[in-house]
Amino acid sequence: MSVKIRLLLLLAVSGILLPAFDPSPTYHYPLDGYHLLAGTFGELRSNHFHSGIDIKTGGQEGASVFAIESGYVYRVRVSPYGFGKALYLRHPDGNYSVYAHLSKFTPEVEAYLTARQQETQQYEQDLYPAYQELKFDAGALIGYSGNSGSSTAPHLHFEIRDPDEHITNALAYYRHLVKDQVPPLVRMIGMEPLSAESRVNGQFKKLTLAPSGGSGRYTLPNPIRIRGPVGLEYQAIDRLTGVPNPCGINHARLYLDDELIYELDLGKFSFEETRYINMHIDYAYYKKTGRRLERAYIEEGNRFHAYKKHKNSGVITLKDHDVHQLRLELQDLHGNQSTVEAKLQLDDGTDGFQPSALANSGSRFSLEQRRNVLVLTAEQASKDLLKGIKLRSQAGTLFTQKPSYQHGQTLVFLMPMDRFNYPKEILSPDGRFSIAPDLIGEIRPEKSRQIDQGQVRLFFPYNAVFQPTFLRVSERSGSVNSYSLTYEIGSTDIPILKPFMVGFKPDANVPKKYLVVAKRNRRGAWKFAGNTWGAQGEIYASVSEFGEFCLMTDSIPPTVRPFNFRNGGYIGTGQRTISLRAEDSFAGINSKRTYATLDGKWIPFAYNYRRDRLTYTWTERPEKGEHILEISVFDGAGNKQKAQYTLRF
């Protein structure tokens with residue numbers, strides 16, 4: 001063990017943490033001559049933090065990939081999704097290196113993989129070779145870069161993991177090779193009210209501002225008035241020298257009057273906690289706008305380890321009338337830093353009402369849930385609403401809720417909820433207007449819960465949600481092709497930590513052979529969600545997002561047709577692949593159930609879901625003459641399409 005490693009261990013045990021980007025070993029670089037990055041460690045991605053660095057390969061596949069250190073193959077993974085073709089090495093220091101989206105491995109690894117594919121008659125594999133069965137020296141060729149899996153352009157996704165398989169920032173080992181003289185670019189600052197008593201510039205509403213400045217120095221010129229607990233959010237990216245790609249920022253600090261109140265130091269994380277990105281960002285704002293605002297405060301239920309503990313977890317509460325200085329510092333791995341400065345002042349004014357600004361009759365109402373607060377907004381509000389609205393509780397009790405504040409011609413009613421007190425119905429003073437919030441109770445992280453509501457049965461396992469969440473379940477008539485009512489479960493702007501189950505008990509007269517649970521996607525189209533049958537006659541789907549669900553049938557098999565050959569046609573001597581187009585617009589292709597033979601012998605077809613393509617690549621050209629290709633393709637619902645083709649070589 002080196003002196004430096006001993007020092008790191010001593011400091012960690014004593015509670016003194018060195019910067020997470022201070023690596024100990026020296027490793028070879030995995031590619032020769034490619035030093036431009038398309039992505040960096042910790043970038044904000046859909047439902048996860050980016051776990052490595054993406055090395056550009058000039059838009060081409062086939063660049064030689066080398067082992068960064070001597071070691072043995074720990075894992076070989078082949079999948080149409082995620083990392084595609086990936087190789088995992090374990091090194092003498094206990095660390096791992098990961099090379100993903102490859103086009104192919106070295107011959108010895110390919111031979112090992114092919115043998116397992118033939119043995120199991122499955123193209124997709126997740127293999128763990130015997131200890132030191134496949135070994136490589138430092139700098140040895142291990143494979144070739146590609147575009148496999150969920151990659152959208154040719155590149156090498158590369159990771160370094162510690163002995164516990166926590167992903168570390170691989171760029172820390174190669175800062176001398178990757179140039180970065182560009183400070184982070186700050187695009188937006190948000191101020192978010194965090195309780196029903198909070199206001200930002202007089203409203204219970206996020207304030208977003210584009211800071212002025214640039215080149216590392218930004219300001220918000222006008223003081224922001226706040227009341228109650230408030231959190232700062234930011235949208236910012238980093239850029240490397242000579243590369244246009246937006247990259248992530250792993251280090252952030254927030255100061256209030258020069259006191260450090262929040263700190264992010266993202267130097268490593270585990271896959272088990274990567275979904276906490278949906279607590280690190282303002283998930284509801286992202287779902288509404290497509291923009292990710294990172295929180296410079298720690299939400300309840302956010303157990304992501306990269307935060308350092310400071311006063312109030314970054315939550316800002318002012319107690320005097322002084323002008324307070326707020327400073328956000330963002331720093332990249334090369335030490336380039338950007339600073340945003342702002343002024344805050346306590347707003348202790350009343351939420352005064354101006355009846356003269358309100359209409360004599362008529363209002364437009366909207367209801368939403370923010371932070372377990374029901375927010376009823378009345379635009380073009382009538383004066384009679386100043387008397388309040390009526391809330392009917394779960395127990396049937398009727399009570400009055402006065403408006404919380406007025407903004408122009410809008411009245412806003414804020415109704416905090418707890419597990420014992422939430423409204424069943426909201427009525428206007430004259431009784432002509434009524435809203436049912438469709439709330440059925442609270443889902444808590446520390447408890448599992450089953451809910452039966454109408455035709456639908458829900459099961460939330462332990463830790464399904466990040467924080468206590470009031471669940472809304474509303475029902476309405478089904479669509480033309482459905483066999484149940486349509487159920488809107490929860491809100492799409494509330495994130496889920498672990499999948500939950502949505503089940504239906506079909507009516508006795510519903511045909512069960514092709515029945516499936518369907519979920520409406522963001523474009524409004526219904527898609528297959530699942531068709532697992534329970535012991536009591538329920539059909540279930542495991543889902544990771546709230547949304548709209550119903551029962552439908554799917555009896556249509558996928559379509560399969562030749563792509564680069566003709567049935568009965570001649571396969572040219574320069575051709576090394578056979579490709580088919582396989583499509584299913586509702587349930588998708590089940591790549592694990594594809595089965596193909598050439599003259600009765602199983603052959604591996606790789607599935608590319610981005611191109612709807614099944615491809616067989618041979619190492620030795622089939623013998624001259626006529627050959628019979630048979631293939632069976634299944635969709636996610638279990639429908640089968642079988643095809644046969646004659647090939648001439």
# chains A, B, ... in the order shown; residues from 1 in each chain; ligands from 1

$ select_by_dssp --residues "range 578-636 of chain A" --states "strand (DSSP E or B)" --output "PyMOL selection string"
chain A and resi 578-583+589+595-598+601-602+606-608+613-617+626-635

$ closest_atom_pairs --of "range 211-278 of chain A" --to "range 461-468 of chain A" --cutoff "12 Å" --atoms "only C-alpha atoms" --output "JSON lines"
{"residue": "A:Glu273", "atom": "CA", "partner": "A:Phe466", "partner_atom": "CA", "distance": 11.4}
{"residue": "A:Arg275", "atom": "CA", "partner": "A:Phe466", "partner_atom": "CA", "distance": 10.0}
{"residue": "A:Tyr276", "atom": "CA", "partner": "A:Phe466", "partner_atom": "CA", "distance": 8.4}
{"residue": "A:Ile277", "atom": "CA", "partner": "A:Phe466", "partner_atom": "CA", "distance": 11.2}
{"residue": "A:Asn278", "atom": "CA", "partner": "A:Phe466", "partner_atom": "CA", "distance": 9.2}

$ write_last_selection --atoms "C-alpha atoms" --output "CSV table (one decimal), in the first residue's frame"
chain,number,residue,atom,x,y,z
A,273,GLU,CA,-28.5,5.8,-5.3
A,275,ARG,CA,-32.1,7.6,-9.0
A,276,TYR,CA,-31.8,10.3,-6.3
A,277,ILE,CA,-31.1,12.6,-9.2
A,278,ASN,CA,-34.9,13.1,-9.2

$ residues_around --residues "Gly149 in chain A" --least-positions-apart "3" --cutoff "8 Å" --atoms "only C-alpha atoms" --output "MDAnalysis selection string"
chainID A and resid 79:85 101 608

$ write_last_selection --atoms "N, CA and C atoms" --output "compact mmCIF listing (two decimals), in the first residue's frame"
# COMPACT_ATOMS: atom_id res chain seq x y z
N SER A 79 -26.05 -6.53 -24.44
CA SER A 79 -27.47 -6.20 -24.34
C SER A 79 -27.84 -5.19 -25.43
N PRO A 80 -29.09 -5.21 -25.90
CA PRO A 80 -29.52 -4.16 -26.84
C PRO A 80 -29.62 -2.80 -26.18
N TYR A 81 -29.65 -2.79 -24.85
CA TYR A 81 -29.91 -1.56 -24.11
C TYR A 81 -28.69 -1.18 -23.27
N GLY A 82 -28.80 -0.05 -22.58
CA GLY A 82 -27.75 0.36 -21.66
C GLY A 82 -26.39 0.45 -22.30
N PHE A 83 -25.44 -0.29 -21.74
CA PHE A 83 -24.04 -0.24 -22.19
C PHE A 83 -23.78 -1.04 -23.46
N GLY A 84 -24.79 -1.76 -23.98
CA GLY A 84 -24.56 -2.54 -25.19
C GLY A 84 -23.55 -3.64 -24.95
N LYS A 85 -22.47 -3.66 -25.75
CA LYS A 85 -21.38 -4.60 -25.54
C LYS A 85 -20.38 -3.94 -24.59
N HIS A 101 -20.37 0.33 -24.88
CA HIS A 101 -20.82 0.64 -26.25
C HIS A 101 -19.82 0.14 -27.30
N ASN A 608 -31.25 -4.08 -32.41
CA ASN A 608 -31.00 -2.65 -32.25
C ASN A 608 -32.36 -1.97 -32.16

$ residues_around --residues "Asp265 in chain A" --least-positions-apart "3" --cutoff "7 Å" --atoms "only C-alpha atoms" --output "PDB file with C-alpha atoms, in the first residue's frame"
ATOM      1  CA  ALA A  20     -13.106  13.681  -4.217  1.00  0.00           C
ATOM      2  CA  ASN A 250     -19.802  18.214  -9.658  1.00  0.00           C
ATOM      3  CA  HIS A 251     -18.973  20.908  -7.099  1.00  0.00           C
ATOM      4  CA  ALA A 252     -21.325  23.568  -5.730  1.00  0.00           C
ATOM      5  CA  ALA A 306     -22.657  13.618  -2.136  1.00  0.00           C
ATOM      6  CA  TYR A 307     -23.905  16.441   0.100  1.00  0.00           C
TER       7      TYR A 307
END

$ closest_atom_pairs --of "range 170-225 of chain A" --to "range 35-57 of chain A" --cutoff "10 Å" --atoms "only C-alpha atoms" --output "JSON lines"
{"residue": "A:Ala170", "atom": "CA", "partner": "A:Gly52", "partner_atom": "CA", "distance": 6.5}
{"residue": "A:Leu171", "atom": "CA", "partner": "A:Ile53", "partner_atom": "CA", "distance": 6.8}
{"residue": "A:Ala172", "atom": "CA", "partner": "A:Phe41", "partner_atom": "CA", "distance": 9.8}
{"residue": "A:Tyr174", "atom": "CA", "partner": "A:His35", "partner_atom": "CA", "distance": 9.3}
{"residue": "A:Leu177", "atom": "CA", "partner": "A:His35", "partner_atom": "CA", "distance": 6.4}
{"residue": "A:Val178", "atom": "CA", "partner": "A:His35", "partner_atom": "CA", "distance": 5.7}
{"residue": "A:Lys179", "atom": "CA", "partner": "A:His35", "partner_atom": "CA", "distance": 8.4}

$ residues_around --residues "Ser212 in chain A" --least-positions-apart "3" --cutoff "10 Å" --atoms "only C-alpha atoms" --output "VMD selection string"
chain A and resid 186 to 188 209 217 to 221 340

$ write_last_selection --atoms "C-alpha atoms" --output "tab-separated table (two decimals), in the first residue's frame"
chain	number	residue	atom	x	y	z
A	186	VAL	CA	-24.96	29.76	-15.51
A	187	ARG	CA	-28.24	29.99	-17.38
A	188	MET	CA	-30.91	30.38	-14.72
A	209	LEU	CA	-34.31	34.71	-13.31
A	217	ARG	CA	-19.09	36.25	-12.71
A	218	TYR	CA	-22.86	36.57	-12.57
A	219	THR	CA	-25.26	38.74	-10.59
A	220	LEU	CA	-28.94	39.18	-9.90
A	221	PRO	CA	-29.13	42.97	-9.65
A	340	VAL	CA	-23.50	34.07	-8.83

$ residues_around --residues "Ser103 in chain A" --least-positions-apart "2" --cutoff "7 Å" --atoms "only C-alpha atoms" --output "list of chain:residue names"
A:Gly62, A:Lys85, A:His101, A:Tyr144, A:Ser145, A:Gly146, A:Asn147, A:Ser148

$ write_last_selection --atoms "N, CA and C atoms" --output "PDB file, in the first residue's frame"
ATOM      1  N   GLY A  62     -14.791   1.492 -34.231  1.00  0.00           N
ATOM      2  CA  GLY A  62     -13.616   0.681 -34.525  1.00  0.00           C
ATOM      3  C   GLY A  62     -12.306   1.174 -33.975  1.00  0.00           C
ATOM      4  N   LYS A  85     -22.472  -3.656 -25.752  1.00  0.00           N
ATOM      5  CA  LYS A  85     -21.375  -4.604 -25.536  1.00  0.00           C
ATOM      6  C   LYS A  85     -20.376  -3.938 -24.586  1.00  0.00           C
ATOM      7  N   HIS A 101     -20.370   0.328 -24.882  1.00  0.00           N
ATOM      8  CA  HIS A 101     -20.822   0.642 -26.246  1.00  0.00           C
ATOM      9  C   HIS A 101     -19.816   0.141 -27.296  1.00  0.00           C
ATOM     10  N   TYR A 144     -12.890  -2.871 -29.412  1.00  0.00           N
ATOM     11  CA  TYR A 144     -12.975  -1.763 -30.365  1.00  0.00           C
ATOM     12  C   TYR A 144     -14.214  -0.925 -30.052  1.00  0.00           C
ATOM     13  N   SER A 145     -14.062   0.377 -30.160  1.00  0.00           N
ATOM     14  CA  SER A 145     -15.155   1.286 -29.835  1.00  0.00           C
ATOM     15  C   SER A 145     -16.312   1.099 -30.803  1.00  0.00           C
ATOM     16  N   GLY A 146     -17.500   1.489 -30.360  1.00  0.00           N
ATOM     17  CA  GLY A 146     -18.669   1.301 -31.201  1.00  0.00           C
ATOM     18  C   GLY A 146     -19.800   2.233 -30.858  1.00  0.00           C
ATOM     19  N   ASN A 147     -21.016   1.732 -31.085  1.00  0.00           N
ATOM     20  CA  ASN A 147     -22.226   2.527 -30.887  1.00  0.00           C
ATOM     21  C   ASN A 147     -23.355   1.626 -30.413  1.00  0.00           C
ATOM     22  N   SER A 148     -23.014   0.576 -29.658  1.00  0.00           N
ATOM     23  CA  SER A 148     -23.998  -0.428 -29.256  1.00  0.00           C
ATOM     24  C   SER A 148     -24.781   0.031 -28.032  1.00  0.00           C
TER      25      SER A 148
END

$ residues_around --residues "Leu374 in chain A" --least-positions-apart "4" --cutoff "9 Å" --atoms "only C-alpha atoms" --output "JSON, numbers by chain"
{"A": [367, 368, 369, 370, 413, 414, 415, 416, 417, 422, 437]}
